[in-house]
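One file, work-v2.tsv, is given below (TSV, N, CA and C atoms).
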chain	number	residue	atom	x	y	z
A	282	MET	N	96.10	54.42	40.67
A	282	MET	CA	96.31	55.85	40.67
A	282	MET	C	95.09	56.58	40.12
A	283	LYS	N	94.56	56.08	38.99
A	283	LYS	CA	93.39	56.73	38.40
A	283	LYS	C	92.18	56.62	39.33
A	284	PHE	N	92.06	55.50	40.05
A	284	PHE	CA	90.93	55.30	40.94
A	284	PHE	C	90.92	56.37	42.04
A	285	HIS	N	92.10	56.67	42.62
A	285	HIS	CA	92.19	57.68	43.69
A	285	HIS	C	91.84	59.07	43.15
A	286	SER	N	92.28	59.38	41.95
A	286	SER	CA	91.96	60.67	41.35
A	286	SER	C	90.47	60.79	41.09
A	287	LEU	N	89.87	59.72	40.59
A	287	LEU	CA	88.44	59.71	40.33
A	287	LEU	C	87.65	59.82	41.64
A	288	LEU	N	88.10	59.14	42.67
A	288	LEU	CA	87.46	59.21	43.97
A	288	LEU	C	87.51	60.63	44.53
A	289	ARG	N	88.65	61.29	44.39
A	289	ARG	CA	88.78	62.68	44.85
A	289	ARG	C	87.85	63.60	44.07
A	290	LEU	N	87.73	63.38	42.78
A	290	LEU	CA	86.85	64.19	41.95
A	290	LEU	C	85.40	64.04	42.40
A	291	PHE	N	84.96	62.80	42.64
A	291	PHE	CA	83.59	62.57	43.11
A	291	PHE	C	83.35	63.21	44.48
A	292	ALA	N	84.33	63.13	45.36
A	292	ALA	CA	84.20	63.75	46.69
A	292	ALA	C	84.07	65.26	46.56
A	293	ALA	N	84.86	65.87	45.70
A	293	ALA	CA	84.80	67.31	45.49
A	293	ALA	C	83.46	67.72	44.89
A	294	LEU	N	82.96	66.95	43.93
A	294	LEU	CA	81.66	67.23	43.34
A	294	LEU	C	80.53	67.10	44.37
A	295	ALA	N	80.61	66.11	45.23
A	295	ALA	CA	79.59	65.92	46.26
A	295	ALA	C	79.59	67.10	47.23
A	296	LEU	N	80.76	67.57	47.61
A	296	LEU	CA	80.87	68.72	48.51
A	296	LEU	C	80.31	69.97	47.83
A	297	PHE	N	80.66	70.18	46.58
A	297	PHE	CA	80.16	71.34	45.84
A	297	PHE	C	78.64	71.30	45.73
A	298	THR	N	78.09	70.12	45.45
A	298	THR	CA	76.64	69.97	45.32
A	298	THR	C	75.95	70.26	46.64
A	299	ALA	N	76.50	69.81	47.75
A	299	ALA	CA	75.90	70.06	49.07
A	299	ALA	C	75.85	71.55	49.36
A	300	VAL	N	76.91	72.28	49.02
A	300	VAL	CA	76.93	73.72	49.25
A	300	VAL	C	75.99	74.42	48.27
A	301	ALA	N	75.94	73.96	47.04
A	301	ALA	CA	75.11	74.60	46.02
A	301	ALA	C	73.62	74.48	46.32
A	302	VAL	N	73.20	73.39	46.97
A	302	VAL	CA	71.78	73.22	47.25
A	302	VAL	C	71.37	73.78	48.61
A	303	ALA	N	72.30	74.42	49.32
A	303	ALA	CA	71.96	75.03	50.60
A	303	ALA	C	70.88	76.08	50.37
A	304	ALA	N	69.97	76.16	51.32
A	304	ALA	CA	68.86	77.11	51.20
A	304	ALA	C	69.39	78.53	51.13
A	305	ASP	N	68.83	79.32	50.21
A	305	ASP	CA	69.22	80.72	50.10
A	305	ASP	C	68.29	81.53	51.00
A	306	ILE	N	68.76	81.82	52.20
A	306	ILE	CA	67.92	82.54	53.16
A	306	ILE	C	68.36	84.00	53.33
A	307	SER	N	69.31	84.44	52.51
A	307	SER	CA	69.76	85.83	52.63
A	307	SER	C	68.58	86.78	52.53
A	308	GLY	N	68.59	87.79	53.38
A	308	GLY	CA	67.53	88.80	53.36
A	308	GLY	C	66.84	88.94	54.70
A	309	LYS	N	65.69	89.58	54.67
A	309	LYS	CA	64.94	89.93	55.86
A	309	LYS	C	63.81	88.93	56.12
A	310	TRP	N	63.70	88.47	57.36
A	310	TRP	CA	62.67	87.54	57.80
A	310	TRP	C	62.04	88.10	59.08
A	311	THR	N	60.73	87.96	59.22
A	311	THR	CA	60.07	88.45	60.43
A	311	THR	C	59.29	87.32	61.09
A	312	ALA	N	59.15	87.46	62.42
A	312	ALA	CA	58.44	86.44	63.19
A	312	ALA	C	57.83	87.07	64.43
A	313	GLU	N	56.76	86.46	64.89
A	313	GLU	CA	56.18	86.77	66.20
A	313	GLU	C	56.76	85.72	67.15
A	314	VAL	N	57.61	86.21	68.07
A	314	VAL	CA	58.37	85.31	68.94
A	314	VAL	C	57.86	85.44	70.38
A	315	PRO	N	57.63	84.31	71.07
A	315	PRO	CA	57.19	84.38	72.46
A	315	PRO	C	58.28	85.03	73.33
A	316	GLY	N	57.86	86.01	74.13
A	316	GLY	CA	58.78	86.69	75.05
A	316	GLY	C	58.43	86.33	76.47
A	317	ARG	N	58.74	87.25	77.39
A	317	ARG	CA	58.45	87.03	78.80
A	317	ARG	C	56.95	86.86	79.03
A	318	GLN	N	56.60	85.98	79.91
A	318	GLN	CA	55.22	85.66	80.24
A	318	GLN	C	54.39	85.34	78.99
A	319	GLY	N	55.02	84.89	77.93
A	319	GLY	CA	54.31	84.45	76.74
A	319	GLY	C	53.86	85.55	75.79
A	320	ALA	N	54.15	86.82	76.13
A	320	ALA	CA	53.76	87.93	75.24
A	320	ALA	C	54.52	87.82	73.92
A	321	MET	N	53.82	87.98	72.82
A	321	MET	CA	54.45	87.87	71.49
A	321	MET	C	55.17	89.18	71.14
A	322	GLN	N	56.36	89.05	70.57
A	322	GLN	CA	57.16	90.20	70.18
A	322	GLN	C	57.59	90.04	68.73
A	323	THR	N	57.47	91.11	67.95
A	323	THR	CA	57.91	91.06	66.56
A	323	THR	C	59.44	91.10	66.53
A	324	THR	N	60.02	90.13	65.87
A	324	THR	CA	61.48	90.03	65.74
A	324	THR	C	61.82	89.95	64.26
A	325	THR	N	62.87	90.68	63.87
A	325	THR	CA	63.33	90.68	62.48
A	325	THR	C	64.73	90.09	62.42
A	326	PHE	N	64.91	89.15	61.52
A	326	PHE	CA	66.22	88.55	61.27
A	326	PHE	C	66.70	89.05	59.92
A	327	ASN	N	67.92	89.57	59.86
A	327	ASN	CA	68.55	89.97	58.61
A	327	ASN	C	69.73	89.02	58.39
A	328	PHE	N	69.54	88.07	57.47
A	328	PHE	CA	70.53	87.03	57.24
A	328	PHE	C	71.40	87.34	56.02
A	329	LYS	N	72.68	86.96	56.16
A	329	LYS	CA	73.63	87.00	55.05
A	329	LYS	C	74.29	85.64	55.00
A	330	VAL	N	74.25	85.02	53.81
A	330	VAL	CA	74.83	83.68	53.65
A	330	VAL	C	75.99	83.75	52.69
A	331	ASP	N	77.09	83.13	53.09
A	331	ASP	CA	78.27	83.01	52.24
A	331	ASP	C	78.73	81.56	52.32
A	332	GLY	N	78.35	80.78	51.30
A	332	GLY	CA	78.64	79.34	51.33
A	332	GLY	C	77.79	78.69	52.41
A	333	ASP	N	78.45	78.10	53.42
A	333	ASP	CA	77.71	77.49	54.52
A	333	ASP	C	77.75	78.35	55.78
A	334	LYS	N	78.28	79.58	55.66
A	334	LYS	CA	78.39	80.48	56.80
A	334	LYS	C	77.21	81.47	56.83
A	335	LEU	N	76.61	81.60	58.00
A	335	LEU	CA	75.46	82.49	58.20
A	335	LEU	C	75.86	83.61	59.17
A	336	THR	N	75.63	84.85	58.77
A	336	THR	CA	75.86	86.01	59.62
A	336	THR	C	74.64	86.91	59.52
A	337	GLY	N	74.66	88.02	60.25
A	337	GLY	CA	73.57	88.98	60.18
A	337	GLY	C	73.22	89.51	61.55
A	338	THR	N	71.95	89.95	61.70
A	338	THR	CA	71.49	90.51	62.96
A	338	THR	C	70.08	90.02	63.27
A	339	MET	N	69.75	90.13	64.55
A	339	MET	CA	68.40	89.90	65.03
A	339	MET	C	67.96	91.19	65.69
A	340	ALA	N	66.81	91.72	65.27
A	340	ALA	CA	66.31	92.98	65.83
A	340	ALA	C	64.96	92.74	66.49
A	341	GLY	N	64.81	93.31	67.68
A	341	GLY	CA	63.55	93.18	68.41
A	341	GLY	C	63.37	94.36	69.34
A	342	PRO	N	62.51	94.23	70.33
A	342	PRO	CA	62.25	95.32	71.26
A	342	PRO	C	63.49	95.82	72.01
A	343	ARG	N	64.48	94.98	72.18
A	343	ARG	CA	65.71	95.36	72.88
A	343	ARG	C	66.82	95.82	71.93
A	344	GLY	N	66.48	96.06	70.67
A	344	GLY	CA	67.47	96.53	69.70
A	344	GLY	C	68.07	95.41	68.88
A	345	ASP	N	69.16	95.74	68.18
A	345	ASP	CA	69.84	94.78	67.31
A	345	ASP	C	70.89	93.99	68.07
A	346	ALA	N	71.08	92.74	67.66
A	346	ALA	CA	72.13	91.89	68.22
A	346	ALA	C	72.72	91.08	67.07
A	347	PRO	N	74.06	90.93	67.05
A	347	PRO	CA	74.69	90.16	65.97
A	347	PRO	C	74.45	88.65	66.10
A	348	ILE	N	74.38	88.02	64.96
A	348	ILE	CA	74.29	86.56	64.89
A	348	ILE	C	75.71	86.02	64.86
A	349	THR	N	75.99	85.00	65.70
A	349	THR	CA	77.31	84.37	65.73
A	349	THR	C	77.17	82.88	65.52
A	350	ASP	N	78.27	82.24	65.18
A	350	ASP	CA	78.33	80.79	65.00
A	350	ASP	C	77.27	80.27	64.05
A	351	GLY	N	76.92	81.06	63.01
A	351	GLY	CA	75.87	80.68	62.08
A	351	GLY	C	76.32	79.69	61.03
A	352	LYS	N	75.45	78.72	60.77
A	352	LYS	CA	75.75	77.69	59.77
A	352	LYS	C	74.49	77.39	58.95
A	353	VAL	N	74.71	77.06	57.67
A	353	VAL	CA	73.65	76.61	56.79
A	353	VAL	C	74.08	75.28	56.20
A	354	SER	N	73.20	74.29	56.28
A	354	SER	CA	73.49	72.97	55.72
A	354	SER	C	72.20	72.46	55.08
A	355	GLY	N	72.13	72.58	53.76
A	355	GLY	CA	70.88	72.21	53.08
A	355	GLY	C	69.77	73.15	53.53
A	356	ASP	N	68.70	72.58	54.07
A	356	ASP	CA	67.58	73.38	54.58
A	356	ASP	C	67.67	73.65	56.07
A	357	ASP	N	68.74	73.21	56.71
A	357	ASP	CA	68.91	73.41	58.15
A	357	ASP	C	69.81	74.60	58.42
A	358	ILE	N	69.41	75.42	59.40
A	358	ILE	CA	70.25	76.55	59.81
A	358	ILE	C	70.40	76.53	61.33
A	359	SER	N	71.48	77.13	61.81
A	359	SER	CA	71.67	77.27	63.25
A	359	SER	C	72.53	78.50	63.49
A	360	PHE	N	72.30	79.15	64.62
A	360	PHE	CA	73.10	80.32	65.01
A	360	PHE	C	72.85	80.64	66.47
A	361	THR	N	73.65	81.55	67.00
A	361	THR	CA	73.55	81.99	68.39
A	361	THR	C	73.41	83.49	68.42
A	362	VAL	N	72.63	83.99	69.37
A	362	VAL	CA	72.52	85.43	69.63
A	362	VAL	C	72.73	85.61	71.13
A	363	SER	N	73.60	86.56	71.50
A	363	SER	CA	73.84	86.87	72.91
A	363	SER	C	73.32	88.26	73.21
A	364	ARG	N	72.71	88.40	74.36
A	364	ARG	CA	72.18	89.69	74.82
A	364	ARG	C	72.65	89.93	76.25
A	365	GLU	N	72.89	91.20	76.56
A	365	GLU	CA	73.23	91.60	77.92
A	365	GLU	C	71.96	92.04	78.62
A	366	MET	N	71.68	91.45	79.79
A	366	MET	CA	70.50	91.83	80.57
A	366	MET	C	70.88	91.87	82.05
A	367	ASN	N	70.73	93.03	82.64
A	367	ASN	CA	71.03	93.21	84.07
A	367	ASN	C	72.43	92.74	84.43
A	368	GLY	N	73.40	93.03	83.56
A	368	GLY	CA	74.79	92.66	83.82
A	368	GLY	C	75.12	91.21	83.52
A	369	ASN	N	74.18	90.46	82.99
A	369	ASN	CA	74.41	89.05	82.64
A	369	ASN	C	74.30	88.86	81.14
A	370	THR	N	75.09	87.94	80.62
A	370	THR	CA	74.99	87.59	79.20
A	370	THR	C	74.03	86.42	79.05
A	371	ILE	N	73.01	86.63	78.23
A	371	ILE	CA	72.03	85.59	77.94
A	371	ILE	C	72.31	85.09	76.53
A	372	LYS	N	72.57	83.79	76.41
A	372	LYS	CA	72.90	83.18	75.13
A	372	LYS	C	71.71	82.37	74.64
A	373	MET	N	71.24	82.69	73.43
A	373	MET	CA	70.11	81.97	72.84
A	373	MET	C	70.61	81.22	71.60
A	374	ASN	N	70.31	79.93	71.56
A	374	ASN	CA	70.70	79.09	70.43
A	374	ASN	C	69.46	78.81	69.58
A	375	PHE	N	69.58	79.10	68.29
A	375	PHE	CA	68.48	78.92	67.35
A	375	PHE	C	68.82	77.80	66.38
A	376	THR	N	67.85	76.94	66.11
A	376	THR	CA	67.95	75.96	65.03
A	376	THR	C	66.69	76.11	64.20
A	377	GLY	N	66.81	75.90	62.90
A	377	GLY	CA	65.66	76.09	62.04
A	377	GLY	C	65.69	75.21	60.81
A	378	LYS	N	64.51	75.04	60.24
A	378	LYS	CA	64.33	74.26	59.02
A	378	LYS	C	63.62	75.15	58.01
A	379	VAL	N	64.26	75.38	56.86
A	379	VAL	CA	63.72	76.25	55.82
A	379	VAL	C	62.81	75.44	54.91
A	380	SER	N	61.63	76.02	54.63
A	380	SER	CA	60.69	75.40	53.70
A	380	SER	C	60.02	76.53	52.92
A	381	GLY	N	60.47	76.73	51.69
A	381	GLY	CA	59.92	77.81	50.87
A	381	GLY	C	60.19	79.16	51.51
A	382	GLY	N	59.13	79.93	51.76
A	382	GLY	CA	59.26	81.25	52.35
A	382	GLY	C	59.11	81.27	53.85
A	383	GLU	N	59.31	80.12	54.51
A	383	GLU	CA	59.19	80.04	55.96
A	383	GLU	C	60.39	79.31	56.57
A	384	ILE	N	60.68	79.68	57.81
A	384	ILE	CA	61.67	78.95	58.61
A	384	ILE	C	61.00	78.59	59.93
A	385	LYS	N	60.93	77.30	60.24
A	385	LYS	CA	60.40	76.85	61.52
A	385	LYS	C	61.57	76.78	62.50
A	386	PHE	N	61.51	77.63	63.52
A	386	PHE	CA	62.60	77.78	64.48
A	386	PHE	C	62.30	77.12	65.82
A	387	LYS	N	63.39	76.74	66.48
A	387	LYS	CA	63.38	76.37	67.89
A	387	LYS	C	64.47	77.21	68.55
A	388	ARG	N	64.12	77.89	69.64
A	388	ARG	CA	65.08	78.71	70.38
A	388	ARG	C	65.24	78.13	71.77
A	389	VAL	N	66.49	77.93	72.18
A	389	VAL	CA	66.80	77.42	73.52
A	389	VAL	C	67.70	78.45	74.20
A	390	VAL	N	67.31	78.87	75.41
A	390	VAL	CA	68.12	79.80	76.19
A	390	VAL	C	69.06	78.97	77.05
A	391	GLU	N	70.38	79.18	76.89
A	391	GLU	CA	71.36	78.41	77.64
A	391	GLU	C	71.24	78.66	79.14
A	392	GLY	N	71.34	77.58	79.91
A	392	GLY	CA	71.32	77.68	81.36
A	392	GLY	C	69.94	77.91	81.96
A	393	ARG	N	68.93	77.92	81.13
A	393	ARG	CA	67.56	78.11	81.61
A	393	ARG	C	66.66	77.08	80.97
A	394	ASP	N	65.57	76.83	81.59
A	394	ASP	CA	64.60	75.89	81.04
A	394	ASP	C	63.61	76.68	80.19
A	395	GLN	N	64.14	77.33	79.13
A	395	GLN	CA	63.30	78.15	78.27
A	395	GLN	C	63.50	77.73	76.82
A	396	THR	N	62.46	77.17	76.25
A	396	THR	CA	62.46	76.77	74.85
A	396	THR	C	61.23	77.37	74.19
A	397	ALA	N	61.40	77.85	72.97
A	397	ALA	CA	60.26	78.41	72.23
A	397	ALA	C	60.34	77.93	70.78
A	398	GLU	N	59.18	77.73	70.19
A	398	GLU	CA	59.10	77.40	68.77
A	398	GLU	C	58.25	78.46	68.08
A	399	PHE	N	58.68	78.87	66.90
A	399	PHE	CA	57.97	79.91	66.15
A	399	PHE	C	58.35	79.80	64.68
A	400	THR	N	57.62	80.51	63.82
A	400	THR	CA	57.86	80.49	62.39
A	400	THR	C	58.18	81.89	61.90
A	401	ALA	N	59.27	82.03	61.14
A	401	ALA	CA	59.62	83.30	60.51
A	401	ALA	C	59.23	83.22	59.04
A	402	LYS	N	58.83	84.36	58.52
A	402	LYS	CA	58.43	84.43	57.10
A	402	LYS	C	59.32	85.43	56.36
A	403	LYS	N	59.66	85.08	55.13
A	403	LYS	CA	60.48	85.95	54.28
A	403	LYS	C	59.73	87.24	54.03
A	404	SER	N	60.43	88.35	54.21
A	404	SER	CA	59.82	89.66	54.00
A	404	SER	C	60.06	90.10	52.57
A	405	SER	N	59.07	90.75	51.99
A	405	SER	CA	59.21	91.23	50.61
A	405	SER	C	59.84	92.61	50.55
A	406	THR	N	60.07	93.24	51.70
A	406	THR	CA	60.68	94.58	51.73
A	406	THR	C	62.11	94.52	52.14

Would you kindly transcribe this structure into structure tokens?
Amino acid sequence: MKFHSLLRLFAALALFTAVAVAADISGKWTAEVPGRQGAMQTTTFNFKVDGDKLTGTMAGPRGDAPITDGKVSGDDISFTVSREMNGNTIKMNFTGKVSGGEIKFKRVVEGRDQTAEFTAKKSST
């Protein structure tokens, strides 16, 4: 009986530690992101983190778009942004690795052969 209680306690502590060491990425991040025909576009990410849940917005030349399905696990983050273009919904999936004041991102556009890699930097404003 004591062994099971101790095992549960260790499992709870391990879960708490994993959440506690998740990267704190809340705030504003900016990046130069490849757009159509390779032209670079300034994009701003406003992240809000609550435990392992990531929310916020992505702002660029086409305006703001909400972040959905966002997750934070240690230094890894992932989320989706959907945009309406010419009556079609374009879904972009982002994965990233946080290192200090930078996030190295990979963006994949669903249903298209479009992948981009870029780095976002924490904004001081």

**Prompt:** Quick one: distance from CA of Thr349 (chain A) to atom C of Ser380 (chain A) in Å, one decimal?
**Reply:** 22.9 Å

**Prompt:** Counting only C-alpha atoms, what is within 9 Å of Lys334 (chain A), bar same-chain residues fewer than 3 positions away, as a list in words?
**Reply:**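 Surrounding residues, per the criterion: Lys329, Val330, Asp331, Asp350, Gly351, Lys352 and Val353 of chain A.
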
**Request:** Write out as a PyMOL selection string which residues come within 6 Å of Glu391 (chain A) when counting only N, CA and C atoms, dropping same-chain ones fewer than 5 positions away.
**Result:** chain A and resi 372-374

**Prompt:** In Å, with one decimal, what is the gap from atom C of Glu383 (chain A) to atom N of Ala401 (chain A)?
**Reply:** 5.4 Å

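Secondary structure of region 294-377 of chain A, helix (DSSP H, G or I) only (DSSP, backbone atoms): A:Leu294, A:Ala295, A:Leu296, A:Phe297, A:Thr298, A:Ala299, A:Val300, A:Ala301, A:Arg317, A:Gln318, A:Gly319.
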
**Request:** List every protein, DNA or RNA residue that has at least one atom no more than 8 Å from (68.4, 77.5, 72.2) in the file's coordinates, counting only N, CA and C atoms, and write the result as a PyMOL selection string.
**Result:** chain A and resi 360-361+372-376+387-391+395-397

**Request:** Could you tell me how far atom N of Asn327 (chain A) lies from atom C of Asn367 (chain A), in Å and to one decimal?
**Result:**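 That distance, rounded to one decimal, is 25.2 Å.
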
**Asked** Using only C-alpha atoms, which residue out of A:Ala340, A:Lys378, A:Gly392, A:Gly332 lies closest to Ala312 (chain A)?
**Response**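 For Ala312 (chain A), the nearest of the candidates is A:Ala340.
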
Filtered DSSP result for region 292-377 of chain A, state strand (DSSP E or B), as a compact mmCIF listing (two decimals) with N, CA and C atoms, keeping the file's coordinate frame:
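Listing of selection-v3.txt after writing:
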# COMPACT_ATOMS: atom_id res chain seq x y z
N GLY A 308 68.59 87.79 53.38
CA GLY A 308 67.53 88.80 53.36
C GLY A 308 66.84 88.94 54.70
N LYS A 309 65.69 89.58 54.67
CA LYS A 309 64.94 89.93 55.86
C LYS A 309 63.81 88.93 56.12
N TRP A 310 63.70 88.47 57.36
CA TRP A 310 62.67 87.54 57.80
C TRP A 310 62.04 88.10 59.08
N THR A 311 60.73 87.96 59.22
CA THR A 311 60.07 88.45 60.43
C THR A 311 59.29 87.32 61.09
N ALA A 312 59.15 87.46 62.42
CA ALA A 312 58.44 86.44 63.19
C ALA A 312 57.83 87.07 64.43
N GLU A 313 56.76 86.46 64.89
CA GLU A 313 56.18 86.77 66.20
C GLU A 313 56.76 85.72 67.15
N VAL A 314 57.61 86.21 68.07
CA VAL A 314 58.37 85.31 68.94
C VAL A 314 57.86 85.44 70.38
N PRO A 315 57.63 84.31 71.07
CA PRO A 315 57.19 84.38 72.46
C PRO A 315 58.28 85.03 73.33
N MET A 321 53.82 87.98 72.82
CA MET A 321 54.45 87.87 71.49
C MET A 321 55.17 89.18 71.14
N GLN A 322 56.36 89.05 70.57
CA GLN A 322 57.16 90.20 70.18
C GLN A 322 57.59 90.04 68.73
N THR A 323 57.47 91.11 67.95
CA THR A 323 57.91 91.06 66.56
C THR A 323 59.44 91.10 66.53
N THR A 324 60.02 90.13 65.87
CA THR A 324 61.48 90.03 65.74
C THR A 324 61.82 89.95 64.26
N THR A 325 62.87 90.68 63.87
CA THR A 325 63.33 90.68 62.48
C THR A 325 64.73 90.09 62.42
N PHE A 326 64.91 89.15 61.52
CA PHE A 326 66.22 88.55 61.27
C PHE A 326 66.70 89.05 59.92
N ASN A 327 67.92 89.57 59.86
CA ASN A 327 68.55 89.97 58.61
C ASN A 327 69.73 89.02 58.39
N PHE A 328 69.54 88.07 57.47
CA PHE A 328 70.53 87.03 57.24
C PHE A 328 71.40 87.34 56.02
N LYS A 329 72.68 86.96 56.16
CA LYS A 329 73.63 87.00 55.05
C LYS A 329 74.29 85.64 55.00
N VAL A 330 74.25 85.02 53.81
CA VAL A 330 74.83 83.68 53.65
C VAL A 330 75.99 83.75 52.69
N ASP A 331 77.09 83.13 53.09
CA ASP A 331 78.27 83.01 52.24
C ASP A 331 78.73 81.56 52.32
N LYS A 334 78.28 79.58 55.66
CA LYS A 334 78.39 80.48 56.80
C LYS A 334 77.21 81.47 56.83
N LEU A 335 76.61 81.60 58.00
CA LEU A 335 75.46 82.49 58.20
C LEU A 335 75.86 83.61 59.17
N THR A 336 75.63 84.85 58.77
CA THR A 336 75.86 86.01 59.62
C THR A 336 74.64 86.91 59.52
N GLY A 337 74.66 88.02 60.25
CA GLY A 337 73.57 88.98 60.18
C GLY A 337 73.22 89.51 61.55
N THR A 338 71.95 89.95 61.70
CA THR A 338 71.49 90.51 62.96
C THR A 338 70.08 90.02 63.27
N MET A 339 69.75 90.13 64.55
CA MET A 339 68.40 89.90 65.03
C MET A 339 67.96 91.19 65.69
N ALA A 340 66.81 91.72 65.27
CA ALA A 340 66.31 92.98 65.83
C ALA A 340 64.96 92.74 66.49
N GLY A 341 64.81 93.31 67.68
CA GLY A 341 63.55 93.18 68.41
C GLY A 341 63.37 94.36 69.34
N GLY A 344 66.48 96.06 70.67
CA GLY A 344 67.47 96.53 69.70
C GLY A 344 68.07 95.41 68.88
N ASP A 345 69.16 95.74 68.18
CA ASP A 345 69.84 94.78 67.31
C ASP A 345 70.89 93.99 68.07
N ALA A 346 71.08 92.74 67.66
CA ALA A 346 72.13 91.89 68.22
C ALA A 346 72.72 91.08 67.07
N PRO A 347 74.06 90.93 67.05
CA PRO A 347 74.69 90.16 65.97
C PRO A 347 74.45 88.65 66.10
N ILE A 348 74.38 88.02 64.96
CA ILE A 348 74.29 86.56 64.89
C ILE A 348 75.71 86.02 64.86
N THR A 349 75.99 85.00 65.70
CA THR A 349 77.31 84.37 65.73
C THR A 349 77.17 82.88 65.52
N ASP A 350 78.27 82.24 65.18
CA ASP A 350 78.33 80.79 65.00
C ASP A 350 77.27 80.27 64.05
N GLY A 351 76.92 81.06 63.01
CA GLY A 351 75.87 80.68 62.08
C GLY A 351 76.32 79.69 61.03
N LYS A 352 75.45 78.72 60.77
CA LYS A 352 75.75 77.69 59.77
C LYS A 352 74.49 77.39 58.95
N VAL A 353 74.71 77.06 57.67
CA VAL A 353 73.65 76.61 56.79
C VAL A 353 74.08 75.28 56.20
N SER A 354 73.20 74.29 56.28
CA SER A 354 73.49 72.97 55.72
C SER A 354 72.20 72.46 55.08
N ASP A 357 68.74 73.21 56.71
CA ASP A 357 68.91 73.41 58.15
C ASP A 357 69.81 74.60 58.42
N ILE A 358 69.41 75.42 59.40
CA ILE A 358 70.25 76.55 59.81
C ILE A 358 70.40 76.53 61.33
N SER A 359 71.48 77.13 61.81
CA SER A 359 71.67 77.27 63.25
C SER A 359 72.53 78.50 63.49
N PHE A 360 72.30 79.15 64.62
CA PHE A 360 73.10 80.32 65.01
C PHE A 360 72.85 80.64 66.47
N THR A 361 73.65 81.55 67.00
CA THR A 361 73.55 81.99 68.39
C THR A 361 73.41 83.49 68.42
N VAL A 362 72.63 83.99 69.37
CA VAL A 362 72.52 85.43 69.63
C VAL A 362 72.73 85.61 71.13
N SER A 363 73.60 86.56 71.50
CA SER A 363 73.84 86.87 72.91
C SER A 363 73.32 88.26 73.21
N ARG A 364 72.71 88.40 74.36
CA ARG A 364 72.18 89.69 74.82
C ARG A 364 72.65 89.93 76.25
N GLU A 365 72.89 91.20 76.56
CA GLU A 365 73.23 91.60 77.92
C GLU A 365 71.96 92.04 78.62
N MET A 366 71.68 91.45 79.79
CA MET A 366 70.50 91.83 80.57
C MET A 366 70.88 91.87 82.05
N ASN A 369 74.18 90.46 82.99
CA ASN A 369 74.41 89.05 82.64
C ASN A 369 74.30 88.86 81.14
N THR A 370 75.09 87.94 80.62
CA THR A 370 74.99 87.59 79.20
C THR A 370 74.03 86.42 79.05
N ILE A 371 73.01 86.63 78.23
CA ILE A 371 72.03 85.59 77.94
C ILE A 371 72.31 85.09 76.53
N LYS A 372 72.57 83.79 76.41
CA LYS A 372 72.90 83.18 75.13
C LYS A 372 71.71 82.37 74.64
N MET A 373 71.24 82.69 73.43
CA MET A 373 70.11 81.97 72.84
C MET A 373 70.61 81.22 71.60
N ASN A 374 70.31 79.93 71.56
CA ASN A 374 70.70 79.09 70.43
C ASN A 374 69.46 78.81 69.58
N PHE A 375 69.58 79.10 68.29
CA PHE A 375 68.48 78.92 67.35
C PHE A 375 68.82 77.80 66.38
N THR A 376 67.85 76.94 66.11
CA THR A 376 67.95 75.96 65.03
C THR A 376 66.69 76.11 64.20
N GLY A 377 66.81 75.90 62.90
CA GLY A 377 65.66 76.09 62.04
C GLY A 377 65.69 75.21 60.81

**Asked** Around (57.2, 80.9, 60.2) in the file's frame, which residues reach within 9 Å when counting only C-alpha atoms? Return as an MDAnalysis selection string?
**Response** chainID A and resid 310:313 382:386 399:403

**Item:** Option closest in space to Met339 (chain A), from A:Thr323, A:Val314, A:Val362, A:Ser307 [counting only C-alpha atoms]
**Value:** A:Val362

**Request:** For each of A:Ala320, A:Ile306, A:Thr325, A:Met366, take the minimum atom-to-atom distance to Pro347 (chain A), counting only C-alpha atoms, then give the residue where this is smallest.
**Result:**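 Closest residue, counting only C-alpha atoms: A:Thr325.
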